[in-house]
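Everything below belongs to upload.txt, which stores compact mmCIF, C-alpha atoms and all ligand atoms.
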```txt
# COMPACT_ATOMS: atom_id res chain seq x y z
CA MET H 1 177.28 117.16 105.23
CA LYS H 2 177.30 115.78 101.70
CA VAL H 3 174.52 117.64 99.93
CA LEU H 4 173.19 116.96 96.44
CA HIS H 5 171.12 119.92 95.22
CA ILE H 6 168.77 120.24 92.24
CA GLY H 7 167.96 123.93 91.68
CA GLY H 8 171.04 125.25 93.49
CA THR H 9 171.71 127.67 90.63
CA GLY H 10 168.28 129.36 90.91
CA PHE H 11 167.05 132.40 92.86
CA LEU H 12 166.43 130.65 96.20
CA GLY H 13 168.91 127.84 95.48
CA SER H 14 171.92 130.10 94.99
CA HIS H 15 171.30 131.79 98.35
CA ILE H 16 171.15 128.38 100.02
CA VAL H 17 174.35 127.34 98.21
CA ARG H 18 176.22 130.46 99.39
CA LYS H 19 175.26 129.71 102.99
CA LEU H 20 176.18 126.03 102.70
CA ILE H 21 179.60 126.99 101.27
CA GLN H 22 180.15 129.35 104.23
CA ARG H 23 179.34 126.48 106.57
CA ASN H 24 181.81 124.15 104.80
CA HIS H 25 179.34 121.59 103.58
CA ASP H 26 180.32 119.32 100.70
CA LEU H 27 178.14 120.40 97.79
CA THR H 28 177.23 118.82 94.47
CA LEU H 29 174.83 120.67 92.17
CA ILE H 30 172.85 119.19 89.32
CA THR H 31 172.46 121.80 86.58
CA ARG H 32 171.75 121.82 82.87
CA ASP H 33 174.56 124.31 82.27
CA PRO H 34 177.55 124.13 84.63
CA ASP H 35 179.68 126.39 82.38
CA ARG H 36 177.72 129.60 82.85
CA GLU H 37 178.46 132.29 85.44
CA MET H 38 176.89 131.68 88.82
CA PRO H 39 176.24 133.99 91.78
CA PHE H 40 178.55 132.01 94.10
CA ASP H 41 182.12 130.72 94.14
CA LYS H 42 182.00 127.92 91.57
CA SER H 43 185.31 126.50 92.74
CA LYS H 44 183.71 125.54 96.07
CA VAL H 45 181.12 123.16 94.59
CA ARG H 46 181.05 120.14 92.33
CA PHE H 47 178.74 120.08 89.29
CA ILE H 48 176.91 117.28 87.58
CA LYS H 49 175.53 118.23 84.20
CA GLY H 50 171.99 116.93 84.08
CA ASP H 51 168.33 117.59 83.43
CA VAL H 52 165.55 116.54 85.82
CA LEU H 53 163.61 115.39 82.80
CA GLN H 54 166.39 112.96 81.86
CA PHE H 55 167.57 111.55 85.14
CA ASP H 56 167.91 108.09 83.56
CA LYS H 57 171.03 109.48 81.80
CA LEU H 58 172.51 110.82 85.03
CA GLU H 59 175.68 109.28 86.40
CA ILE H 60 175.93 109.81 90.11
CA SER H 61 178.31 107.94 92.33
CA GLY H 62 178.94 108.10 96.04
CA LYS H 63 176.67 108.59 99.02
CA PHE H 64 174.85 111.76 100.00
CA ASP H 65 173.40 112.78 103.36
CA VAL H 66 170.54 114.65 101.72
CA LEU H 67 169.03 115.53 98.34
CA VAL H 68 167.63 119.07 98.19
CA TYR H 69 165.11 120.10 95.52
CA THR H 70 164.53 123.79 94.82
CA ALA H 71 164.13 123.57 91.04
CA MET H 72 161.30 125.27 89.22
CA VAL H 73 159.56 124.31 86.01
CA PRO H 74 160.53 127.13 83.63
CA PHE H 75 157.76 129.33 82.29
CA ARG H 76 157.73 132.88 81.04
CA PRO H 77 155.59 135.51 82.75
CA GLY H 78 152.43 136.24 80.80
CA ARG H 79 149.31 134.41 79.76
CA ILE H 80 149.00 130.75 80.66
CA SER H 81 146.35 129.19 78.46
CA ASN H 82 144.59 125.95 79.40
CA LYS H 83 146.75 124.07 76.90
CA LYS H 84 149.95 125.58 78.29
CA PHE H 85 148.71 124.76 81.79
CA ARG H 86 148.18 121.09 80.88
CA ASP H 87 151.69 120.91 79.37
CA LEU H 88 153.18 122.46 82.51
CA GLU H 89 151.19 120.01 84.64
CA CYS H 90 152.83 117.08 82.81
CA ILE H 91 156.31 118.56 83.22
CA THR H 92 155.72 119.34 86.91
CA ARG H 93 154.72 115.72 87.50
CA GLN H 94 157.95 114.53 85.85
CA TYR H 95 160.07 116.94 87.92
CA PHE H 96 158.63 115.61 91.18
CA GLN H 97 158.48 111.96 90.08
CA ASN H 98 162.10 111.91 88.86
CA THR H 99 163.38 113.70 91.96
CA ILE H 100 161.59 111.28 94.28
CA GLU H 101 162.92 108.37 92.23
CA LEU H 102 166.47 109.75 92.50
CA ALA H 103 166.17 110.03 96.30
CA ARG H 104 164.96 106.43 96.36
CA LYS H 105 167.91 105.26 94.24
CA LEU H 106 170.40 107.16 96.37
CA SER H 107 168.68 106.01 99.60
CA CYS H 108 168.97 109.45 101.13
CA PRO H 109 166.55 111.90 102.75
CA LEU H 110 164.82 114.34 100.41
CA ILE H 111 164.03 118.00 101.12
CA LEU H 112 161.27 118.85 98.67
CA THR H 113 159.89 122.30 97.86
CA SER H 114 156.32 123.27 97.08
CA GLY H 115 154.66 126.58 98.05
CA ALA H 116 152.58 128.11 100.87
CA SER H 117 149.37 128.05 98.90
CA PHE H 118 146.53 128.13 101.40
CA GLU H 119 143.19 129.83 101.04
CA THR H 120 142.11 131.74 104.14
CA LYS H 121 139.22 134.07 104.86
CA GLY H 122 139.18 137.13 107.15
CA ASN H 123 141.37 136.51 110.18
CA GLU H 124 141.91 132.81 109.56
CA VAL H 125 145.58 131.77 109.65
CA ALA H 126 146.62 128.52 107.97
CA ASP H 127 149.24 126.18 109.38
CA GLU H 128 150.86 122.97 108.13
CA THR H 129 147.79 120.86 108.99
CA TRP H 130 145.70 122.68 106.37
CA PRO H 131 145.35 121.14 102.91
CA ILE H 132 147.37 122.95 100.24
CA ALA H 133 144.92 124.95 98.10
CA ARG H 134 145.46 123.63 94.60
CA LYS H 135 144.03 126.66 92.84
CA GLY H 136 145.53 128.86 90.16
CA MET H 137 149.13 127.98 89.32
CA ALA H 138 149.36 125.95 92.54
CA ALA H 139 147.06 123.43 90.85
CA LEU H 140 150.13 122.39 88.84
CA GLY H 141 151.26 120.67 92.02
CA THR H 142 148.16 118.50 92.51
CA CYS H 143 150.35 115.53 91.56
CA TYR H 144 152.70 116.55 94.39
CA ASP H 145 149.97 115.88 96.99
CA GLU H 146 149.33 112.40 95.54
CA MET H 147 153.05 111.57 95.58
CA ILE H 148 153.53 112.82 99.14
CA SER H 149 150.57 110.80 100.32
CA ASP H 150 152.05 107.72 98.62
CA ILE H 151 155.49 108.29 100.22
CA LYS H 152 153.84 108.59 103.64
CA THR H 153 151.66 105.53 103.22
CA ARG H 154 154.54 103.35 102.09
CA ASN H 155 157.15 105.09 104.23
CA SER H 156 159.27 104.86 101.09
CA ILE H 157 161.76 107.72 101.60
CA PRO H 158 162.69 110.02 104.49
CA LEU H 159 161.03 113.29 103.48
CA ILE H 160 160.99 116.92 104.62
CA GLU H 161 158.66 119.40 102.91
CA MET H 162 159.35 123.12 102.60
CA LEU H 163 156.51 125.49 101.72
CA PRO H 164 157.91 128.98 101.17
CA ALA H 165 155.75 132.10 100.97
CA GLN H 166 156.35 134.53 98.07
CA ILE H 167 160.11 134.99 98.06
CA TYR H 168 161.60 138.44 97.56
CA GLY H 169 165.17 139.74 97.67
CA LYS H 170 168.19 140.05 95.45
CA GLY H 171 167.92 137.88 92.36
CA GLY H 172 165.27 136.16 90.28
CA MET H 173 162.24 138.00 88.93
CA PHE H 174 162.29 140.37 91.88
CA THR H 175 165.37 142.08 90.42
CA LYS H 176 163.14 143.37 87.62
CA MET H 177 160.59 144.78 90.08
CA ILE H 178 163.32 146.60 91.97
CA SER H 179 164.85 148.03 88.84
CA MET H 180 161.40 149.22 87.69
CA ALA H 181 160.84 150.84 91.09
CA LYS H 182 164.26 152.51 90.86
CA ASN H 183 163.24 153.83 87.46
CA GLY H 184 160.16 155.39 89.02
CA LYS H 185 157.42 152.82 88.34
CA VAL H 186 155.59 150.17 90.36
CA VAL H 187 152.79 148.03 88.97
CA LEU H 188 149.81 147.07 91.12
CA LEU H 189 148.03 144.02 89.74
CA GLY H 190 144.31 144.01 90.50
CA ARG H 191 142.86 145.64 93.64
CA GLY H 192 145.66 144.28 95.78
CA ASP H 193 143.48 143.94 98.86
CA ASN H 194 144.26 140.23 99.18
CA TYR H 195 146.94 138.98 101.56
CA LEU H 196 149.95 137.05 100.19
CA PRO H 197 152.60 135.87 102.65
CA ARG H 198 156.20 136.94 102.03
CA ILE H 199 159.68 135.84 102.99
CA HIS H 200 163.05 137.47 102.39
CA VAL H 201 165.25 135.14 100.33
CA GLU H 202 168.04 135.21 102.96
CA ASP H 203 165.64 134.13 105.71
CA CYS H 204 164.20 131.45 103.46
CA ALA H 205 167.69 130.12 102.71
CA ASP H 206 168.46 130.05 106.47
CA ALA H 207 165.42 127.82 106.96
CA TYR H 208 166.78 125.36 104.36
CA VAL H 209 170.24 125.32 105.97
CA LEU H 210 168.63 124.40 109.30
CA ALA H 211 166.49 121.72 107.65
CA ILE H 212 169.60 120.27 105.94
CA GLU H 213 171.62 120.23 109.16
CA LYS H 214 168.84 118.95 111.44
CA LEU H 215 166.97 116.69 109.00
CA PRO H 216 163.58 116.73 110.77
CA ILE H 217 162.21 113.76 108.81
CA GLY H 218 158.46 113.66 108.28
CA LYS H 219 157.91 117.39 108.85
CA ARG H 220 156.32 119.99 106.62
CA PHE H 221 157.23 123.64 107.18
CA ILE H 222 155.63 126.88 106.09
CA ILE H 223 158.36 129.54 105.69
CA CYS H 224 157.00 133.07 106.03
CA ASP H 225 157.82 136.23 107.94
CA ASP H 226 155.95 137.47 111.03
CA GLU H 227 153.56 139.98 109.50
CA SER H 228 150.71 139.45 107.09
CA VAL H 229 150.59 142.10 104.42
CA CYS H 230 148.18 142.74 101.59
CA VAL H 231 149.56 143.03 98.07
CA LYS H 232 148.75 146.73 97.81
CA ASP H 233 150.62 147.69 101.01
CA PHE H 234 153.65 145.67 99.91
CA MET H 235 153.77 147.36 96.50
CA LEU H 236 153.12 150.86 97.87
CA TYR H 237 155.93 150.42 100.38
CA LEU H 238 158.22 149.30 97.55
CA ALA H 239 157.25 152.48 95.65
CA LYS H 240 157.84 154.62 98.73
CA ILE H 241 161.34 153.43 99.59
CA PHE H 242 162.57 153.58 95.99
CA ASN H 243 160.86 156.95 95.39
CA ALA H 244 158.80 155.54 92.54
CA GLY H 245 156.32 158.32 91.75
CA LYS H 246 154.19 156.27 89.38
CA VAL H 247 151.96 153.44 90.57
CA VAL H 248 150.41 151.81 87.50
CA LYS H 249 147.16 150.07 88.42
CA ILE H 250 146.07 147.17 86.23
CA PRO H 251 142.35 146.55 86.83
CA GLY H 252 141.31 142.98 87.67
CA PHE H 253 139.40 142.30 84.45
CA ILE H 254 142.38 143.33 82.30
CA LEU H 255 144.75 141.32 84.48
CA ARG H 256 142.55 138.25 83.97
CA LEU H 257 142.50 138.79 80.20
CA VAL H 258 146.25 139.27 79.98
CA THR H 259 147.39 136.50 82.33
CA GLY H 260 144.58 133.95 82.00
CA LYS H 261 142.53 132.51 84.86
CA HIS H 262 145.32 130.41 86.39
CA VAL H 263 147.76 133.24 87.04
CA PHE H 264 144.90 135.60 87.95
CA CYS H 265 143.67 133.22 90.63
CA THR H 266 147.20 132.93 92.08
CA LEU H 267 147.67 136.69 92.18
CA THR H 268 144.33 137.37 93.85
CA MET H 269 144.10 134.50 96.34
CA ASN H 270 143.92 135.44 100.03
CA THR H 271 146.49 133.71 102.22
CA LYS H 272 147.54 134.24 105.82
CA VAL H 273 149.94 131.69 107.27
CA SER H 274 151.86 131.03 110.45
CA ASN H 275 155.57 130.29 110.98
CA GLU H 276 155.04 128.90 114.48
CA LEU H 277 156.03 125.33 113.64
CA ILE H 278 159.36 126.08 111.97
CA ARG H 279 160.25 128.45 114.83
CA LYS H 280 159.51 125.71 117.35
CA GLU H 281 161.00 122.72 115.53
CA LEU H 282 164.09 124.25 113.90
CA GLY H 283 164.73 127.28 116.11
CA TRP H 284 164.43 129.40 112.98
CA GLY H 285 163.36 133.05 113.02
CA PRO H 286 163.42 135.72 110.32
CA ASN H 287 166.07 138.47 110.38
CA TYR H 288 163.55 140.48 108.37
CA PRO H 289 160.37 140.05 110.43
CA SER H 290 158.28 142.08 108.02
CA TYR H 291 158.36 143.29 104.41
CA ARG H 292 159.39 146.75 105.69
CA GLU H 293 162.81 145.67 107.03
CA GLY H 294 163.15 143.23 104.12
CA LEU H 295 162.49 145.75 101.37
CA ARG H 296 164.66 148.40 103.06
CA SER H 297 167.56 145.92 103.01
CA LEU H 298 167.42 146.05 99.20
CA ILE H 299 168.24 149.75 98.99
CA GLU H 300 171.88 150.16 98.04
N1 LIG Z 401 160.11 132.30 94.00
C1 LIG Z 401 159.08 132.24 94.81
O1 LIG Z 401 158.47 133.26 95.18
C2 LIG Z 401 158.62 130.89 95.33
C3 LIG Z 401 157.55 130.85 96.24
C4 LIG Z 401 157.15 129.61 96.75
C5 LIG Z 401 157.79 128.44 96.34
N2 LIG Z 401 158.81 128.52 95.44
C6 LIG Z 401 159.50 127.30 95.05
O2 LIG Z 401 160.86 127.43 95.44
C7 LIG Z 401 161.70 126.77 94.49
C8 LIG Z 401 162.74 127.75 94.00
O3 LIG Z 401 162.13 128.84 93.36
P1 LIG Z 401 163.03 129.90 92.58
O4 LIG Z 401 162.21 131.13 92.41
O5 LIG Z 401 164.37 129.95 93.22
O6 LIG Z 401 163.15 129.17 91.16
P2 LIG Z 401 164.13 129.49 89.93
O7 LIG Z 401 165.08 130.57 90.22
O8 LIG Z 401 163.27 129.62 88.71
O9 LIG Z 401 164.92 128.09 89.87
C9 LIG Z 401 165.39 127.63 88.75
C10 LIG Z 401 166.27 126.42 89.11
O10 LIG Z 401 165.62 125.23 88.67
C11 LIG Z 401 166.59 124.48 87.96
N3 LIG Z 401 165.94 123.72 86.90
C12 LIG Z 401 164.85 124.08 86.19
N4 LIG Z 401 164.58 123.12 85.29
C13 LIG Z 401 165.52 122.16 85.44
C14 LIG Z 401 165.76 120.93 84.80
N5 LIG Z 401 164.97 120.50 83.80
N6 LIG Z 401 166.79 120.17 85.21
C15 LIG Z 401 167.62 120.61 86.21
N7 LIG Z 401 167.42 121.77 86.86
C16 LIG Z 401 166.38 122.54 86.49
C17 LIG Z 401 167.54 125.52 87.36
O11 LIG Z 401 168.78 124.90 87.12
P3 LIG Z 401 169.68 125.13 85.80
O12 LIG Z 401 169.06 126.25 85.01
O13 LIG Z 401 171.03 125.47 86.35
O14 LIG Z 401 169.65 123.81 85.10
C18 LIG Z 401 167.62 126.52 88.49
O15 LIG Z 401 168.59 126.12 89.42
C19 LIG Z 401 160.78 126.24 93.39
O16 LIG Z 401 160.49 124.88 93.66
C20 LIG Z 401 159.52 127.06 93.54
O17 LIG Z 401 158.37 126.37 93.12
C21 LIG Z 401 159.25 129.72 94.93
```

Kindly return the structure encoded in the file as structure tokens.
Ligand SMILES: NC(=O)c1ccc[n+]([C@@H]2O[C@H](COP(=O)([O-])OP(=O)(O)OC[C@H]3O[C@@H](n4cnc5c(N)ncnc54)[C@H](OP(=O)(O)O)[C@@H]3O)[C@@H](O)[C@H]2O)c1
Amino acid sequence: MKVLHIGGTGFLGSHIVRKLIQRNHDLTLITRDPDREMPFDKSKVRFIKGDVLQFDKLEISGKFDVLVYTAMVPFRPGRISNKKFRDLECITRQYFQNTIELARKLSCPLILTSGASFETKGNEVADETWPIARKGMAALGTCYDEMISDIKTRNSIPLIEMLPAQIYGKGGMFTKMISMAKNGKVVLLGRGDNYLPRIHVEDCADAYVLAIEKLPIGKRFIICDDESVCVKDFMLYLAKIFNAGKVVKIPGFILRLVTGKHVFCTLTMNTKVSNELIRKELGWGPNYPSYREGLRSLIE
């Protein structure tokens, strides 16, 4: 298939790209910096130098079977003030708006990425029919919900929505956590008794490959593994398998001070979700059914 990908150079994106190359798809990546080193064979893909924020300057010719969006608004870890949050909100809106506009111009299906942000209590398990909980950093995507609703009302573009859980694996910010664990230290943010769904990056990328090849237009998929785990158990298991003797606990009130209310809310939200729909519709299943197999796969 002819795939145009925004975000193909990122953590999740580069895993998708590697799999698409293996499966001989014809790939074009939009990136701000095509000259840098990339974690895949650059000779197997075409690059278009471009910025989502300046798509009016983009020169794209030819037809594509699908446009895939796995880009992320860049922000550094740390405190997100209300002002910073408002700025990020504006940029997020432009990222989604410009991507949707590009799909419209190219008249091709769009695979859009948001996140599995659902607020559940006790044994509740959210599925795709639940409203996305726009709390904490997920509130940046409130504009996303408006745009999706508009696309559906007008039937303006063929759309598939991907809602990954917290992605872990080789690459991205997770590399830092692994290297800290290897150096003997793991940091537990807050009490850690809240549940946050997880997905190994390889399994997540497999889900995208299936969505690209099957194009199940109109569907929204949560991508998570089979076992709910609370933050504390995930971090303690990470410490255990990398023999990290030191678990640094950052109390909730300090965490809130250091990160600000938006990040704090994201880190402490309780979420249990189901992968039943993507299993049924795409025949997808995780090779790492729980964080235990997934984290063990990262030991070299
Ligand atoms: N990581 C997670 O745990 C997680 C969980 C749920 C959902 N998600 C979603 O999954 C997607 C991928 O996440 P990730 O962690 O893989 O993100 P990431 O590594 O931070 O992705 C960065 C990518 O975004 C591209 N990008 C950023 N700004 C751009 C711009 N102005 N113009 C063009 N490209 C731009 C970068 O391209 P260049 O630098 O090459 O230009 C790069 O390919 C995101 O939509 C994220 O919201 C992630």

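Minimum atom-to-atom distances from H:Gly136, H:Gly184, H:Pro197, H:Gly172 to ligand LIG 401 (chain Z) were compared using all atoms listed in the file, and the lowest value belongs to H:Gly172.
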
Spatial sel., origin (147.9, 137.2, 107.1), limit 12 Å, all atoms listed in the file, listed as a ChimeraX atom specification: /H:116,118-127,165,193-198,224-231,269-275,290

Pick out the residues sitting within 12 Å of Asp56 in chain H, and hand them over as a VMD selection string; count all atoms listed in the file, and ignore anything fewer than 4 positions along from it in its own chain. chain H and resid 50 to 52 60 98 to 99 101 to 102 105

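Here the question is which of H:Gly260, H:Pro109, H:Gly192, H:Pro34 gets nearest to Val66 in chain H using only C-alpha atoms, and that residue is H:Pro109.
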
Closest of H:Tyr288, H:Phe75, H:Phe40, H:Tyr237 to Gly8 in chain H - atom-to-atom distances counting all atoms listed in the file: H:Phe40

Quick one: which chain H residues come within 9 Å of ligand LIG 401 (chain Z), and what is the nearest atom pair for each with the distance in Å to one decimal, counting only C-alpha atoms and all ligand atoms, rows ordered by chain and ascending number, as a Markdown table?
```
| residue | atom | partner | partner_atom | distance |
| --- | --- | --- | --- | --- |
| H:His5 | CA | Z:LIG401 | O15 | 8.9 |
| H:Ile6 | CA | Z:LIG401 | N7 | 5.8 |
| H:Gly7 | CA | Z:LIG401 | O15 | 3.2 |
| H:Gly8 | CA | Z:LIG401 | O15 | 4.8 |
| H:Thr9 | CA | Z:LIG401 | O15 | 3.7 |
| H:Gly10 | CA | Z:LIG401 | O7 | 3.5 |
| H:Phe11 | CA | Z:LIG401 | O5 | 3.6 |
| H:Leu12 | CA | Z:LIG401 | O5 | 3.7 |
| H:Gly13 | CA | Z:LIG401 | O5 | 5.5 |
| H:Ser14 | CA | Z:LIG401 | O15 | 7.6 |
| H:His15 | CA | Z:LIG401 | O5 | 8.8 |
| H:Leu29 | CA | Z:LIG401 | O13 | 8.4 |
| H:Ile30 | CA | Z:LIG401 | C15 | 6.2 |
| H:Thr31 | CA | Z:LIG401 | O14 | 3.8 |
| H:Arg32 | CA | Z:LIG401 | O14 | 3.7 |
| H:Asp33 | CA | Z:LIG401 | O13 | 5.5 |
| H:Pro34 | CA | Z:LIG401 | O13 | 6.9 |
| H:Arg36 | CA | Z:LIG401 | O13 | 8.6 |
| H:Met38 | CA | Z:LIG401 | O13 | 8.9 |
| H:Lys49 | CA | Z:LIG401 | O14 | 8.2 |
| H:Gly50 | CA | Z:LIG401 | C15 | 6.1 |
| H:Asp51 | CA | Z:LIG401 | N6 | 3.5 |
| H:Val52 | CA | Z:LIG401 | N6 | 3.9 |
| H:Leu53 | CA | Z:LIG401 | N5 | 5.4 |
| H:Gln54 | CA | Z:LIG401 | N5 | 7.9 |
| H:Phe55 | CA | Z:LIG401 | N6 | 8.7 |
| H:Tyr69 | CA | Z:LIG401 | O16 | 6.9 |
| H:Thr70 | CA | Z:LIG401 | C7 | 4.1 |
| H:Ala71 | CA | Z:LIG401 | O10 | 3.3 |
| H:Met72 | CA | Z:LIG401 | C19 | 4.3 |
| H:Val73 | CA | Z:LIG401 | N4 | 5.2 |
| H:Pro74 | CA | Z:LIG401 | C12 | 5.9 |
| H:Phe75 | CA | Z:LIG401 | O8 | 8.5 |
| H:Ile91 | CA | Z:LIG401 | N5 | 8.9 |
| H:Tyr95 | CA | Z:LIG401 | N5 | 7.3 |
| H:Leu112 | CA | Z:LIG401 | O16 | 7.9 |
| H:Thr113 | CA | Z:LIG401 | O16 | 5.0 |
| H:Ser114 | CA | Z:LIG401 | C5 | 5.4 |
| H:Gly115 | CA | Z:LIG401 | C5 | 4.0 |
| H:Ala116 | CA | Z:LIG401 | C4 | 6.3 |
| H:Ser117 | CA | Z:LIG401 | C4 | 8.2 |
| H:Met162 | CA | Z:LIG401 | C5 | 8.4 |
| H:Leu163 | CA | Z:LIG401 | C5 | 6.3 |
| H:Pro164 | CA | Z:LIG401 | C4 | 4.5 |
| H:Ala165 | CA | Z:LIG401 | C4 | 5.1 |
| H:Gln166 | CA | Z:LIG401 | O1 | 3.8 |
| H:Ile167 | CA | Z:LIG401 | O1 | 3.7 |
| H:Tyr168 | CA | Z:LIG401 | O1 | 6.5 |
| H:Gly171 | CA | Z:LIG401 | O7 | 8.1 |
| H:Gly172 | CA | Z:LIG401 | O7 | 5.6 |
| H:Met173 | CA | Z:LIG401 | O4 | 7.7 |
| H:Phe174 | CA | Z:LIG401 | N1 | 8.6 |
| H:Arg198 | CA | Z:LIG401 | O1 | 8.1 |
| H:Ile199 | CA | Z:LIG401 | O1 | 8.3 |
| H:Val201 | CA | Z:LIG401 | N1 | 8.6 |
```

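Residue nearest Ala211 in chain H within the list H:Ala239, H:Lys57, H:Glu293, H:Leu282: H:Leu282 [criterion: smallest interatomic distance, only C-alpha atoms].
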
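Proximity to Val247 in chain H was assessed for H:Lys135, H:Lys185, H:Arg86, H:Lys19 counting only C-alpha atoms; the smallest distance is recorded for H:Lys185.
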
Which neighbours of Lys214 in chain H fall inside 12 Å, counting only C-alpha atoms, when residues of the same chain fewer than 3 positions from it are skipped, and could you give them as an mmCIF file with C-alpha atoms, in the coordinates of the input?
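So around29.cif came out as:
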```
data_model
loop_
_atom_site.group_PDB
_atom_site.id
_atom_site.type_symbol
_atom_site.label_atom_id
_atom_site.label_comp_id
_atom_site.auth_asym_id
_atom_site.auth_seq_id
_atom_site.Cartn_x
_atom_site.Cartn_y
_atom_site.Cartn_z
ATOM 1 C CA MET H 1 177.280 117.160 105.230
ATOM 2 C CA ASP H 65 173.400 112.780 103.360
ATOM 3 C CA VAL H 66 170.540 114.650 101.720
ATOM 4 C CA PRO H 109 166.550 111.900 102.750
ATOM 5 C CA ILE H 111 164.030 118.000 101.120
ATOM 6 C CA ILE H 160 160.990 116.920 104.620
ATOM 7 C CA ALA H 207 165.420 127.820 106.960
ATOM 8 C CA TYR H 208 166.780 125.360 104.360
ATOM 9 C CA VAL H 209 170.240 125.320 105.970
ATOM 10 C CA LEU H 210 168.630 124.400 109.300
ATOM 11 C CA ALA H 211 166.490 121.720 107.650
ATOM 12 C CA ILE H 217 162.210 113.760 108.810
ATOM 13 C CA LYS H 219 157.910 117.390 108.850
ATOM 14 C CA ILE H 278 159.360 126.080 111.970
ATOM 15 C CA GLU H 281 161.000 122.720 115.530
ATOM 16 C CA LEU H 282 164.090 124.250 113.900
ATOM 17 C CA GLY H 283 164.730 127.280 116.110
ATOM 18 C CA TRP H 284 164.430 129.400 112.980
#
```

Computed gap from CA of Lys170 in chain H to CA of Phe47 in chain H is 23.4 Å

Residue contacts of Gly169 in chain H (8 Å, only C-alpha atoms) excluding same-chain residues fewer than 4 positions away, as a ChimeraX atom specification: /H:174-175,200-202,294-295,298

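Take the candidates H:Leu27, H:Ile80, H:Leu257, H:Leu159 and check each one against Arg104 in chain H using all atoms listed in the file; the shortest distance goes to H:Leu159.
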
What's the separation between CA of Met137 in chain H and CA of His262 in chain H, in Å to one decimal place? 5.4 Å

Grab the CA of Leu189 in chain H to CA of Ile222 in chain H distance for me, in Å with one decimal place. 24.9 Å

Would you pick out the contacts of Ile250 in chain H at 12 Å or less, using all atoms listed in the file, so that residues sharing its chain but fewer than 4 positions from it are not included, and give the list as a ChimeraX atom specification? /H:186-192,232,254-259,264

May I have the residues within 10 Å of Leu238 in chain H as a compact mmCIF listing (two decimals) with C-alpha atoms, in the coordinates of the input, using all atoms listed in the file and disregarding those fewer than 4 positions away in the same chain?
```txt
# COMPACT_ATOMS: atom_id res chain seq x y z
CA MET H 177 160.59 144.78 90.08
CA ILE H 178 163.32 146.60 91.97
CA ALA H 181 160.84 150.84 91.09
CA LYS H 182 164.26 152.51 90.86
CA LYS H 185 157.42 152.82 88.34
CA VAL H 186 155.59 150.17 90.36
CA LYS H 232 148.75 146.73 97.81
CA ASP H 233 150.62 147.69 101.01
CA PHE H 234 153.65 145.67 99.91
CA PHE H 242 162.57 153.58 95.99
CA ASN H 243 160.86 156.95 95.39
CA ALA H 244 158.80 155.54 92.54
CA TYR H 291 158.36 143.29 104.41
CA ARG H 292 159.39 146.75 105.69
CA LEU H 295 162.49 145.75 101.37
CA ARG H 296 164.66 148.40 103.06
CA LEU H 298 167.42 146.05 99.20
```
